[in-house]
Every structure is written in structure tokens, then in C-alpha cells.
Amino acid sequence: MKNLKYLISKYMYTITTILVSIILVCVLLIQLKIEQNNAIESSEKVFIQMEPLLEDNQRDLEEIQEEYRETCLKNAEVVARIIESDPDVLNSLDELKSIAESIEVDEIHIFDTTGRIFTGTHPEYYDYTFDSGEQMNFFKPLLNDKTLKLVQDITPNTAEQKFMQYSALWSENGKFIVQVGMEPHNVMKVTEKNELSYIFSQFRVNTEVIYFAIATDGLIVGSNNLDFVNLNSKKIGLNTNKVFNDTDGFHCKIDGINYFCVFKKIDETYIGRCIATKDLYQRIPTIMLTLTLGLVIVAVFLSNAVTRHMNKHVVNKIHDINLKLESITNGNLDETIDIKSSVEFYELSNYINAMVKSILDSNKKMSYILSKTDLYIGIYEYSDSTQSIRYTEYTPRILSLDNDTMNQLSMDKERFKEFINNILNNPIPDEEGVYMISGEPERYIRIEEINNNGEVFGVVIDVTNEIKKRKQLEVERDIDSLTGLYNRRGFDEKLSHLSDKPKYFTNSAIVVIDADGLKNINDTYGHEKGDIYLKEISQLLKEFGDNNSLAARLGGDEFLLLLYNYDNQGDLVNSLVNLKNIQDTNYIQLDTNTKLPLRFSYGYSIINEITDYNNHLRNADRQMYLNKIKRKEQQ
């Protein structure tokens, strides 16, 4: 067991350690949040700068794309006019290729009025129709409206899945359709400087920061790290759900490195700024180390100061009180405590002094009260370190010992302990701590011993009168006064005790018995004769079954018999047969002139366990009534 000084010191250091830890954790969380907010604010500033630039870029891209769409369509118109002016060109592959080269297009395809390619710069496409693929199907509306002029976005073509931009229109004479195709690298060369990745690479930003432009399908359409362009954002570790919905920033691992990312939607693109966490939180270790050192110094100083104060004004004063209490415990009840270092200790001193005084007063009062009663109480005590027994005046009388015998026992501790143990071997059933001392008359005593580390303190109390009165009350309560059998309450109580040994009911039976002709005897000879009649039946039941039966009078002419603890069911059945044999073979002498047959009806139920006692009782009762009816019919 630890002393109070140690516990106070340990408690103070534990509390300060917990408080310092809580403060450090709170500060760390605050610093993390501050750095994240700084990252968000920085990102917002960059997004504000980027937004007009991206808008201008988008506008330039749209203008350039529209310009090339018009160029592609004009090239188709030029080809149509050339062919209309010289229809023989349609029959010369070289002439068509020369036209394509001169107007800087990559493919020329001529469709007939049914939508089939019948000539052009690429014979491998001949006989393709507008139904030959999704890309071709785009131009099918031309078959229904010759005024249409269609320009298709850059799309994989049907034959080779090669990216092309196509335009198509009808010749003015309406005899054929001209389709012109341009490879996208011609457009990409012009628009290269308008790409998002190019803009990011030219933007003056922290080299440790990665910028992303992500489309709504999760495709990375721009980044200052070109290795990420055209990859799905999930492939490098970006969660698109957070990209699209988390406006307060989030942590993720990109290409194996931890980043803090902030995204904002600009038009139909999500622009993001991701900074490595090692750069974002680089100041925090220094801040936390400085703060930890400061808090540890303060905590140690405060802990030592509080501990010294507690030791001086609390622990030392408690030690002084303990010394006084030790003196009181050793029997010096005149000792007083006078500690005035604080209000609490002053009050404690007064309470202890008052308690000692109360003990002294109580001892005097108890001694006086016991001298005025008939209650005999004895006390004895001994210890491992002594050989003799100390005892009080009434101890020999309570233990049924004369003074000489008690003196002899008191000089030999082992003999006295053996004497007490012999008494403890005779406990009274259902009476906790009560034992019987044999002799004339029998005595009942209560013994309680307390063994405190070899110091034995015993109290013996004479409870003979109490036990005898209680037993008499139990007899009056549980025994039928007329017959001497158990009443219903006594029977149930006895049955409850027997139930603690289930083996008693392995071969057992409940028997319900009803005296025949009691009313006739009462009416004819008087109730006194009827009582004699009931007593005789009761005597038969008392003597029946030896030690394997329990008989009770339920009231009036009704009796209950329990047969239990038979070795086997055959013996139980034989006993029931014996009961039937005496059912009509006994007579009673009511007086010198009157002798009557002693008759009764009975029914029984054989049971295997006491748990269904009430059910078997009802069954036996029914059997008894059937027996009574049968006997009346035979009379």
C-alpha cells in the first residue's frame, strides 16, 4: 500500500501530464486547421487569378474551333465548285488528291444521292454509306435536306478509328455530296498554347503544388504535371466524390504522396490546387516542440509546488492524527487530538474526541443495561502469541462449565480451542450461529468469533430460552392441536426441506385420505366421539410407512400422506397395498358400549420428482373421490 505523499505526487504528475497532453492535442488540431485554412485562402486567391484567364482561354478556344469549323466547311464548298466546273475530275484519283493538297485537306469523299461514297482521295472508303457507322451516321440528315451544311466535331472515323474533323454539303446542282476531312493535328498545333496544362505550366506557382483540371466524368484534362493528363482521377488517388462536393478541402494520397487538396468548379471544369502535407505542415513540428518544452517546465514547477504544500498542510497533519489514534486504539482513551492547521482538521479533531467520549459513555451504559437483564453474555479472547485465555464473568456459566474446569481450560489455549470446536460441531438446523451443549437440561448458545491476524475475540450468548420459545411456537404453528399431525403449513414447510434432496422423490407417492362416516358419528354420538374417531385415524397414519412417510391433517376429515425415499417402486407399491389392507380392517372403541369400524377412503398419485407436486395432489384427490364413490356403491 502506497503512502499518501507518494499518491499525491503521482496524482499531481498524472493530472499535469494529462492536462499538458490535452493542451498539446488541442493546439495541434488548431494549428492543423489554421494551416488548412491558409491553404484554402491561398487556393481561393489563385482561383480568382485563374478564373478570368481560364475564361479568356475558353473563349479563345471556342473562337479557334469555330474558325476551323468554318474553314473545314469552306474547303468543302471549294471542292464542290471545282468538281462542278470540271466533272471529269471525279474520274481521276490523282486530280482529287491534287485538289486536296492544294486546299490543305487530308481527305475528300464524294457521295451519290443515295449516301454512298463512289469516288474520292481514298479508294479504301469507296461504297461506305451514312449507315456504315456512328461517325458516318452524323451526316445522314443531308439525304432529306439538301440545304444542310454539316460540320462534325473531332471524332474517330469509321474505318480506322482515326481522329478527324469532317464537313459535308450538297453541290449546287444537287448531283453529289462533298465531304472533306482534316486531321486534328492541324487544329492542335494552333490550339496547343490554349490548353489548361500549358496555362498551369506558365502560371507562377509553388513548384511543390500540383494543379489539376478535371472534367465532370473524372478525366484529368489539364495539369502542371503532364504525366497525369488524360488519366482518370481515381487512378492517381483523387476521389471524384470529394473533388466534386468537398469545398473545405480534403486529404488524399496522390501517386504515393500525401496532399491537401482544394477544388473549385469553374464553368464545367473542376480546378484544383494540391499541396504536399510535408510542405503544408512544415512549421508545426517547431511550434509544437517549443510549446511542449514550455508546458513541461510550467507543469513540473506547479506539481512540485502543490505537492510540497499538500505534504506540509495535509499529509503531515494526518500523520499526527494517526499517531494519536494509535494511542487511543492501544487503550489510552484519555488521549485527545488537537490539530488546528485548518477548519477541516479542527472539526475532525473535535469529532474524534467526541467519538472517544461517546465510546466511554456507551460502555458504561451497556454495562449498566446488561446488569439489569436476564441475558447472559460472555467474552473470551486470546492470540497466537499467548498461551492463556482471557474471559469474562458469565462465560463459564454460558458454556456449562464450573469455575475449576474453566480455569483449567483457560490455562491451555489448545484445549480451550478443542472445546469450542466440539461445540461448533453441533449446530442447530435452520439457526445460524446457534449450537447445542449436551447435558441436563440442554442448553443453546450463540457463538461468534473474530480472528484478526491471530487476535481471536469471541462472544458467547445464552439463547436457550429464546430457542425453546421459538420451537414451542413452531410446534403450535405447524402441528394440528387435535391429532398431533402436521397441519397444512407444517406439511408444506417439511416438504420444502425434503425438496433439497431430490433423490427422496425418485420412488414416492402423494396420498389423499378422507375419513368415512365422520358426520354420522358427530350427529349420533357427539363431536367428542368424532374427535376420538379422527385421533385413531391419525394414529394409524403416524405409524404407517416407518421413517418414509409424512402425515398431515388438512382440516375436517381430510388427511394427506407423503410416502418417499423408497429403494424401488416395488416397495412403494407394496406399501400402498398395505394401506388398502387396513382400509376396512380396523375398529375403534368409542366407549365401553360402543365399537365402530374405522373406515377411510383414499387416492394416490405416484411421482418421480417434487416439481409437479400440486398436479399430483389434484390427481390423488380425484382418485380419492372415485374410491369413496365406489365404496358407497358396494355398501
# chains A, B, ... in the order shown; residues from 1 in each chain; ligands from 1
$ residues_around --residues "region 226-232 of chain A" --least-positions-apart "3" --cutoff "9 Å" --atoms "only C-alpha atoms" --output "PyMOL selection string"
chain A and resi 197+212-214+217-223+235-236+238
$ residues_around --residues "region 262-264 of chain A" --least-positions-apart "4" --cutoff "6 Å" --atoms "only C-alpha atoms" --output "list in words"
Gly249, Tyr270, Ile271, Gly272 and Arg273 of chain A
$ write_last_selection --atoms "C-alpha atoms" --output "mmCIF file, in the first residue's frame"
data_model
loop_
_atom_site.group_PDB
_atom_site.id
_atom_site.type_symbol
_atom_site.label_atom_id
_atom_site.label_comp_id
_atom_site.auth_asym_id
_atom_site.auth_seq_id
_atom_site.Cartn_x
_atom_site.Cartn_y
_atom_site.Cartn_z
ATOM 1 C CA GLY A 249 -10.523 20.800 -48.763
ATOM 2 C CA TYR A 270 -13.127 21.445 -61.553
ATOM 3 C CA ILE A 271 -9.895 23.332 -60.963
ATOM 4 C CA GLY A 272 -7.808 22.073 -58.032
ATOM 5 C CA ARG A 273 -4.704 23.040 -56.107
#
$ select_by_dssp --residues "region 18-255 of chain A" --states "strand (DSSP E)" --output "ChimeraX atom specification"
/A:107-111,117-120,149-151,155-156,163-170,177-182,209-214,220-223,250-254
$ write_last_selection --atoms "N, CA and C atoms" --output "CSV table (one decimal), in the first residue's frame"
chain,number,residue,atom,x,y,z
A,107,GLU,N,-8.6,14.5,-96.6
A,107,GLU,CA,-9.5,13.5,-97.3
A,107,GLU,C,-10.6,14.3,-98.0
A,108,ILE,N,-10.9,13.7,-99.2
A,108,ILE,CA,-12.1,14.2,-100.0
A,108,ILE,C,-12.9,12.9,-100.3
A,109,HIS,N,-14.2,12.9,-100.0
A,109,HIS,CA,-15.1,11.8,-100.3
A,109,HIS,C,-16.3,12.4,-101.0
A,110,ILE,N,-16.7,11.7,-102.1
A,110,ILE,CA,-17.8,12.1,-102.9
A,110,ILE,C,-18.9,11.1,-102.8
A,111,PHE,N,-20.1,11.5,-102.3
A,111,PHE,CA,-21.3,10.6,-102.1
A,111,PHE,C,-22.3,10.8,-103.2
A,117,ILE,N,-20.3,6.5,-100.9
A,117,ILE,CA,-19.1,7.0,-101.5
A,117,ILE,C,-18.8,6.3,-102.8
A,118,PHE,N,-18.7,7.0,-103.9
A,118,PHE,CA,-18.4,6.4,-105.1
A,118,PHE,C,-17.1,6.8,-105.7
A,119,THR,N,-16.5,7.9,-105.1
A,119,THR,CA,-15.1,8.3,-105.5
A,119,THR,C,-14.5,9.2,-104.4
A,120,GLY,N,-13.2,9.5,-104.6
A,120,GLY,CA,-12.6,10.3,-103.6
A,120,GLY,C,-11.1,10.0,-103.5
A,149,LYS,N,-25.7,22.1,-94.3
A,149,LYS,CA,-24.2,22.2,-94.3
A,149,LYS,C,-23.7,21.7,-93.0
A,150,LEU,N,-23.2,20.5,-92.9
A,150,LEU,CA,-22.8,20.0,-91.6
A,150,LEU,C,-21.3,19.9,-91.3
A,151,VAL,N,-20.9,20.3,-90.1
A,151,VAL,CA,-19.5,20.2,-89.6
A,151,VAL,C,-19.5,19.3,-88.4
A,155,THR,N,-13.7,13.5,-84.3
A,155,THR,CA,-14.3,12.2,-84.0
A,155,THR,C,-13.5,11.1,-84.6
A,156,PRO,N,-13.4,9.9,-84.0
A,156,PRO,CA,-12.8,8.8,-84.6
A,156,PRO,C,-13.6,8.4,-85.9
A,163,PHE,N,-8.7,10.0,-85.4
A,163,PHE,CA,-9.4,11.3,-85.1
A,163,PHE,C,-9.4,12.2,-86.3
A,164,MET,N,-10.5,12.6,-86.8
A,164,MET,CA,-10.7,13.5,-87.9
A,164,MET,C,-11.8,14.5,-87.6
A,165,GLN,N,-11.8,15.6,-88.4
A,165,GLN,CA,-12.9,16.6,-88.4
A,165,GLN,C,-13.4,16.6,-89.8
A,166,TYR,N,-14.7,16.3,-89.9
A,166,TYR,CA,-15.3,16.2,-91.2
A,166,TYR,C,-16.4,17.3,-91.4
A,167,SER,N,-16.5,17.8,-92.7
A,167,SER,CA,-17.6,18.7,-93.1
A,167,SER,C,-18.2,18.1,-94.4
A,168,ALA,N,-19.5,18.4,-94.6
A,168,ALA,CA,-20.2,17.9,-95.8
A,168,ALA,C,-21.3,18.8,-96.2
A,169,LEU,N,-21.6,18.8,-97.6
A,169,LEU,CA,-22.7,19.6,-98.1
A,169,LEU,C,-23.0,19.1,-99.5
A,170,TRP,N,-24.1,19.5,-100.1
A,170,TRP,CA,-24.5,19.2,-101.4
A,170,TRP,C,-23.9,20.2,-102.4
A,177,ILE,N,-22.7,14.7,-103.1
A,177,ILE,CA,-22.4,15.3,-101.8
A,177,ILE,C,-20.9,15.3,-101.6
A,178,VAL,N,-20.3,16.4,-101.2
A,178,VAL,CA,-18.9,16.5,-101.0
A,178,VAL,C,-18.6,16.5,-99.5
A,179,GLN,N,-17.7,15.6,-99.0
A,179,GLN,CA,-17.2,15.5,-97.6
A,179,GLN,C,-15.7,15.7,-97.6
A,180,VAL,N,-15.3,16.7,-96.7
A,180,VAL,CA,-13.9,17.0,-96.6
A,180,VAL,C,-13.5,16.6,-95.2
A,181,GLY,N,-12.3,15.9,-95.0
A,181,GLY,CA,-11.8,15.5,-93.7
A,181,GLY,C,-10.4,16.2,-93.4
A,182,MET,N,-10.3,16.7,-92.2
A,182,MET,CA,-9.0,17.3,-91.8
A,182,MET,C,-8.5,16.6,-90.5
A,209,VAL,N,3.4,22.5,-55.6
A,209,VAL,CA,2.0,22.4,-55.7
A,209,VAL,C,1.6,21.8,-57.1
A,210,ILE,N,0.6,20.9,-57.0
A,210,ILE,CA,0.1,20.3,-58.3
A,210,ILE,C,-1.2,20.9,-58.6
A,211,TYR,N,-1.4,21.4,-59.8
A,211,TYR,CA,-2.7,21.9,-60.3
A,211,TYR,C,-3.4,20.9,-61.2
A,212,PHE,N,-4.7,20.8,-61.0
A,212,PHE,CA,-5.5,19.9,-61.8
A,212,PHE,C,-6.7,20.6,-62.4
A,213,ALA,N,-7.0,20.2,-63.6
A,213,ALA,CA,-8.3,20.5,-64.2
A,213,ALA,C,-9.0,19.2,-64.5
A,214,ILE,N,-10.2,18.9,-63.9
A,214,ILE,CA,-10.8,17.6,-64.0
A,214,ILE,C,-12.2,17.8,-64.6
A,220,ILE,N,-8.8,13.7,-66.1
A,220,ILE,CA,-7.9,14.9,-65.9
A,220,ILE,C,-7.6,15.5,-67.2
A,221,VAL,N,-8.1,16.7,-67.5
A,221,VAL,CA,-7.9,17.3,-68.8
A,221,VAL,C,-6.8,18.3,-68.8
A,222,GLY,N,-6.2,18.6,-67.6
A,222,GLY,CA,-5.1,19.5,-67.5
A,222,GLY,C,-4.4,19.4,-66.2
A,223,SER,N,-3.1,19.6,-66.2
A,223,SER,CA,-2.3,19.6,-65.0
A,223,SER,C,-0.9,20.1,-65.3
A,250,PHE,N,-9.6,18.6,-48.6
A,250,PHE,CA,-9.5,17.2,-48.1
A,250,PHE,C,-8.1,16.7,-48.3
A,251,HIS,N,-7.8,15.6,-47.5
A,251,HIS,CA,-6.5,14.9,-47.7
A,251,HIS,C,-6.6,13.7,-48.6
A,252,CYS,N,-5.6,13.5,-49.3
A,252,CYS,CA,-5.6,12.3,-50.2
A,252,CYS,C,-4.1,12.0,-50.5
A,253,LYS,N,-3.9,10.8,-51.0
A,253,LYS,CA,-2.6,10.3,-51.4
A,253,LYS,C,-2.5,10.3,-52.9
A,254,ILE,N,-1.7,11.2,-53.5
A,254,ILE,CA,-1.6,11.2,-55.0
A,254,ILE,C,-0.2,10.6,-55.4
$ residues_around --residues "region 548-551 of chain A" --least-positions-apart "4" --cutoff "6 Å" --atoms "only C-alpha atoms" --output "MDAnalysis selection string"
chainID A and resid 560:564
$ atom_distance --atom1 "CA of Val296 (chain A)" --atom2 "CA of Lys33 (chain A)"
24.1 Å
$ atom_distance --atom1 "CA of Leu143 (chain A)" --atom2 "CA of Asp127 (chain A)"
16.0 Å
$ closest_residue --among "A:Tyr351, A:Thr594, A:Ser410, A:Met436" --to "Tyr380 (chain A)" --atoms "only C-alpha atoms"
A:Ser410
$ select_by_dssp --residues "region 73-270 of chain A" --states "alpha helix (DSSP H)" --output "short mmCIF file (atom, residue, chain, number, x, y, z; two decimals) with N, CA and C atoms, in the first residue's frame"
data_model
loop_
_atom_site.label_atom_id
_atom_site.label_comp_id
_atom_site.auth_asym_id
_atom_site.auth_seq_id
_atom_site.Cartn_x
_atom_site.Cartn_y
_atom_site.Cartn_z
N LEU A 73 -15.67 23.80 -93.56
CA LEU A 73 -16.89 23.87 -94.40
C LEU A 73 -16.60 24.60 -95.71
N LYS A 74 -15.79 25.68 -95.61
CA LYS A 74 -15.44 26.43 -96.85
C LYS A 74 -14.64 25.55 -97.79
N ASN A 75 -13.75 24.72 -97.20
CA ASN A 75 -12.98 23.82 -98.05
C ASN A 75 -13.90 22.86 -98.80
N ALA A 76 -14.96 22.41 -98.13
CA ALA A 76 -15.92 21.52 -98.81
C ALA A 76 -16.62 22.27 -99.94
N GLU A 77 -16.97 23.56 -99.71
CA GLU A 77 -17.63 24.35 -100.76
C GLU A 77 -16.70 24.53 -101.95
N VAL A 78 -15.40 24.78 -101.65
CA VAL A 78 -14.42 24.97 -102.75
C VAL A 78 -14.31 23.70 -103.58
N VAL A 79 -14.22 22.54 -102.91
CA VAL A 79 -14.12 21.27 -103.64
C VAL A 79 -15.36 21.06 -104.50
N ALA A 80 -16.54 21.39 -103.95
CA ALA A 80 -17.79 21.20 -104.72
C ALA A 80 -17.80 22.07 -105.97
N ARG A 81 -17.34 23.33 -105.86
CA ARG A 81 -17.33 24.23 -107.02
C ARG A 81 -16.34 23.74 -108.07
N ILE A 82 -15.16 23.25 -107.60
CA ILE A 82 -14.16 22.77 -108.56
C ILE A 82 -14.71 21.60 -109.34
N ILE A 83 -15.35 20.67 -108.65
CA ILE A 83 -15.87 19.47 -109.33
C ILE A 83 -17.01 19.84 -110.26
N GLU A 84 -17.89 20.81 -109.85
CA GLU A 84 -18.99 21.23 -110.72
C GLU A 84 -18.46 21.87 -112.00
N SER A 85 -17.35 22.60 -111.87
CA SER A 85 -16.79 23.26 -113.06
C SER A 85 -16.07 22.26 -113.97
N LEU A 93 -8.24 9.92 -109.70
CA LEU A 93 -7.80 9.89 -108.31
C LEU A 93 -6.68 10.90 -108.08
N ASP A 94 -5.76 11.02 -109.07
CA ASP A 94 -4.65 11.94 -108.91
C ASP A 94 -5.14 13.38 -108.86
N GLU A 95 -6.13 13.70 -109.70
CA GLU A 95 -6.66 15.06 -109.69
C GLU A 95 -7.31 15.38 -108.34
N LEU A 96 -8.04 14.43 -107.77
CA LEU A 96 -8.69 14.66 -106.48
C LEU A 96 -7.66 14.85 -105.38
N LYS A 97 -6.56 14.06 -105.41
CA LYS A 97 -5.51 14.22 -104.42
C LYS A 97 -4.81 15.56 -104.58
N SER A 98 -4.66 16.01 -105.83
CA SER A 98 -4.03 17.31 -106.09
C SER A 98 -4.88 18.44 -105.53
N ILE A 99 -6.20 18.32 -105.69
CA ILE A 99 -7.12 19.34 -105.15
C ILE A 99 -7.00 19.35 -103.63
N ALA A 100 -6.97 18.14 -103.00
CA ALA A 100 -6.88 18.05 -101.55
C ALA A 100 -5.60 18.70 -101.03
N GLU A 101 -4.50 18.49 -101.77
CA GLU A 101 -3.22 19.06 -101.35
C GLU A 101 -3.23 20.57 -101.49
N SER A 102 -3.87 21.05 -102.57
CA SER A 102 -3.84 22.50 -102.84
C SER A 102 -4.67 23.28 -101.81
N GLU A 134 -21.32 5.06 -86.60
CA GLU A 134 -21.86 6.22 -85.86
C GLU A 134 -21.33 7.52 -86.40
N GLN A 135 -20.01 7.54 -86.74
CA GLN A 135 -19.43 8.77 -87.28
C GLN A 135 -20.06 9.12 -88.62
N MET A 136 -20.28 8.15 -89.49
CA MET A 136 -20.89 8.39 -90.80
C MET A 136 -22.36 8.79 -90.65
N ASN A 137 -23.03 8.20 -89.66
CA ASN A 137 -24.45 8.44 -89.49
C ASN A 137 -24.77 9.89 -89.17
N HIS A 185 -4.37 17.20 -85.91
CA HIS A 185 -3.10 17.82 -85.54
C HIS A 185 -2.96 19.20 -86.16
N ASN A 186 -3.63 19.44 -87.22
CA ASN A 186 -3.60 20.78 -87.80
C ASN A 186 -4.26 21.79 -86.87
N VAL A 187 -5.35 21.31 -86.19
CA VAL A 187 -6.03 22.19 -85.24
C VAL A 187 -5.23 22.27 -83.94
N MET A 188 -4.69 21.10 -83.48
CA MET A 188 -4.00 21.05 -82.20
C MET A 188 -2.75 21.92 -82.20
N LYS A 189 -2.09 22.04 -83.36
CA LYS A 189 -0.91 22.90 -83.43
C LYS A 189 -1.26 24.35 -83.13
N VAL A 190 -2.42 24.73 -83.55
CA VAL A 190 -2.83 26.12 -83.34
C VAL A 190 -3.33 26.34 -81.93
N THR A 191 -4.04 25.31 -81.38
CA THR A 191 -4.68 25.48 -80.06
C THR A 191 -3.79 25.03 -78.90
N LEU A 196 -5.19 23.83 -70.93
CA LEU A 196 -5.11 24.10 -69.50
C LEU A 196 -3.74 23.74 -68.94
N SER A 197 -3.17 22.62 -69.39
CA SER A 197 -1.85 22.21 -68.89
C SER A 197 -0.80 23.24 -69.21
N TYR A 198 -0.89 23.84 -70.41
CA TYR A 198 0.07 24.87 -70.79
C TYR A 198 -0.08 26.10 -69.90
N ILE A 199 -1.35 26.46 -69.63
CA ILE A 199 -1.62 27.62 -68.77
C ILE A 199 -1.06 27.37 -67.37
N PHE A 200 -1.29 26.13 -66.80
CA PHE A 200 -0.77 25.80 -65.48
C PHE A 200 0.75 25.90 -65.45
N SER A 201 1.40 25.38 -66.50
CA SER A 201 2.87 25.37 -66.51
C SER A 201 3.44 26.77 -66.58
N GLN A 202 2.69 27.71 -67.17
CA GLN A 202 3.18 29.08 -67.29
C GLN A 202 2.81 29.94 -66.09
N THR A 240 -13.21 11.35 -56.77
CA THR A 240 -14.03 12.31 -57.52
C THR A 240 -15.21 12.83 -56.69
N ASN A 241 -15.71 12.00 -55.77
CA ASN A 241 -16.82 12.45 -54.92
C ASN A 241 -16.38 13.63 -54.05
N LYS A 242 -15.15 13.57 -53.51
CA LYS A 242 -14.62 14.69 -52.73
C LYS A 242 -14.28 15.86 -53.64
N VAL A 243 -13.74 15.58 -54.81
CA VAL A 243 -13.40 16.65 -55.75
C VAL A 243 -14.63 17.48 -56.09
N PHE A 244 -15.76 16.80 -56.33
CA PHE A 244 -16.96 17.48 -56.79
C PHE A 244 -17.75 18.11 -55.63
N ASN A 245 -17.60 17.59 -54.39
CA ASN A 245 -18.50 18.02 -53.31
C ASN A 245 -17.82 18.65 -52.10
#
$ atom_distance --atom1 "CA of Thr307 (chain A)" --atom2 "CA of Leu7 (chain A)"
10.0 Å
$ closest_residue --among "A:Cys72, A:Ile437, A:Cys274, A:Leu596" --to "Asp153 (chain A)" --atoms "only C-alpha atoms"
A:Cys72
$ closest_residue --among "A:Gln623, A:Asn91, A:Asn465, A:Gln65" --to "Gln152 (chain A)" --atoms "only C-alpha atoms"
A:Gln65
$ residues_around --residues "Phe419 (chain A)" --least-positions-apart "2" --cutoff "12 Å" --atoms "only C-alpha atoms" --output "list in words"
Leu399, Ser400, Leu401, Thr405, Met406, Gln408, Leu409, Ser410, Asp412, Lys413, Glu414, Arg415, Phe416, Lys417, Asn421, Asn422, Ile423, Leu424, Asn425, Asn426 and Ile437 of chain A
$ write_last_selection --atoms "C-alpha atoms" --output "compact mmCIF listing (two decimals), in the first residue's frame"
# COMPACT_ATOMS: atom_id res chain seq x y z
CA LEU A 399 -20.59 -22.83 28.43
CA SER A 400 -21.98 -25.13 31.22
CA LEU A 401 -18.60 -25.27 32.94
CA THR A 405 -12.87 -26.60 34.75
CA MET A 406 -12.94 -23.17 33.15
CA GLN A 408 -8.01 -25.32 33.69
CA LEU A 409 -9.12 -24.66 30.11
CA SER A 410 -8.10 -21.02 30.31
CA ASP A 412 -4.27 -24.22 27.93
CA LYS A 413 -5.26 -22.43 24.73
CA GLU A 414 -5.25 -25.60 22.60
CA ARG A 415 -7.61 -27.46 24.96
CA PHE A 416 -9.96 -24.46 25.00
CA LYS A 417 -9.96 -24.25 21.18
CA ASN A 421 -14.66 -26.72 18.17
CA ASN A 422 -16.63 -29.61 19.74
CA ILE A 423 -19.48 -27.19 20.39
CA LEU A 424 -19.25 -25.87 16.81
CA ASN A 425 -19.75 -29.44 15.57
CA ASN A 426 -23.31 -29.41 16.97
CA ILE A 437 -24.43 -28.07 24.58
$ residues_around --residues "Gly174 (chain A)" --least-positions-apart "6" --cutoff "10 Å" --atoms "only C-alpha atoms" --output "ChimeraX atom specification"
/A:112-113,146-147
$ residues_around --residues "Val460 (chain A)" --least-positions-apart "5" --cutoff "6 Å" --atoms "only C-alpha atoms" --output "ChimeraX atom specification"
/A:377-378,446-447
$ closest_residue --among "A:Asp462, A:Glu55, A:Glu381, A:Glu208" --to "Asp267 (chain A)" --atoms "only C-alpha atoms"
A:Glu55
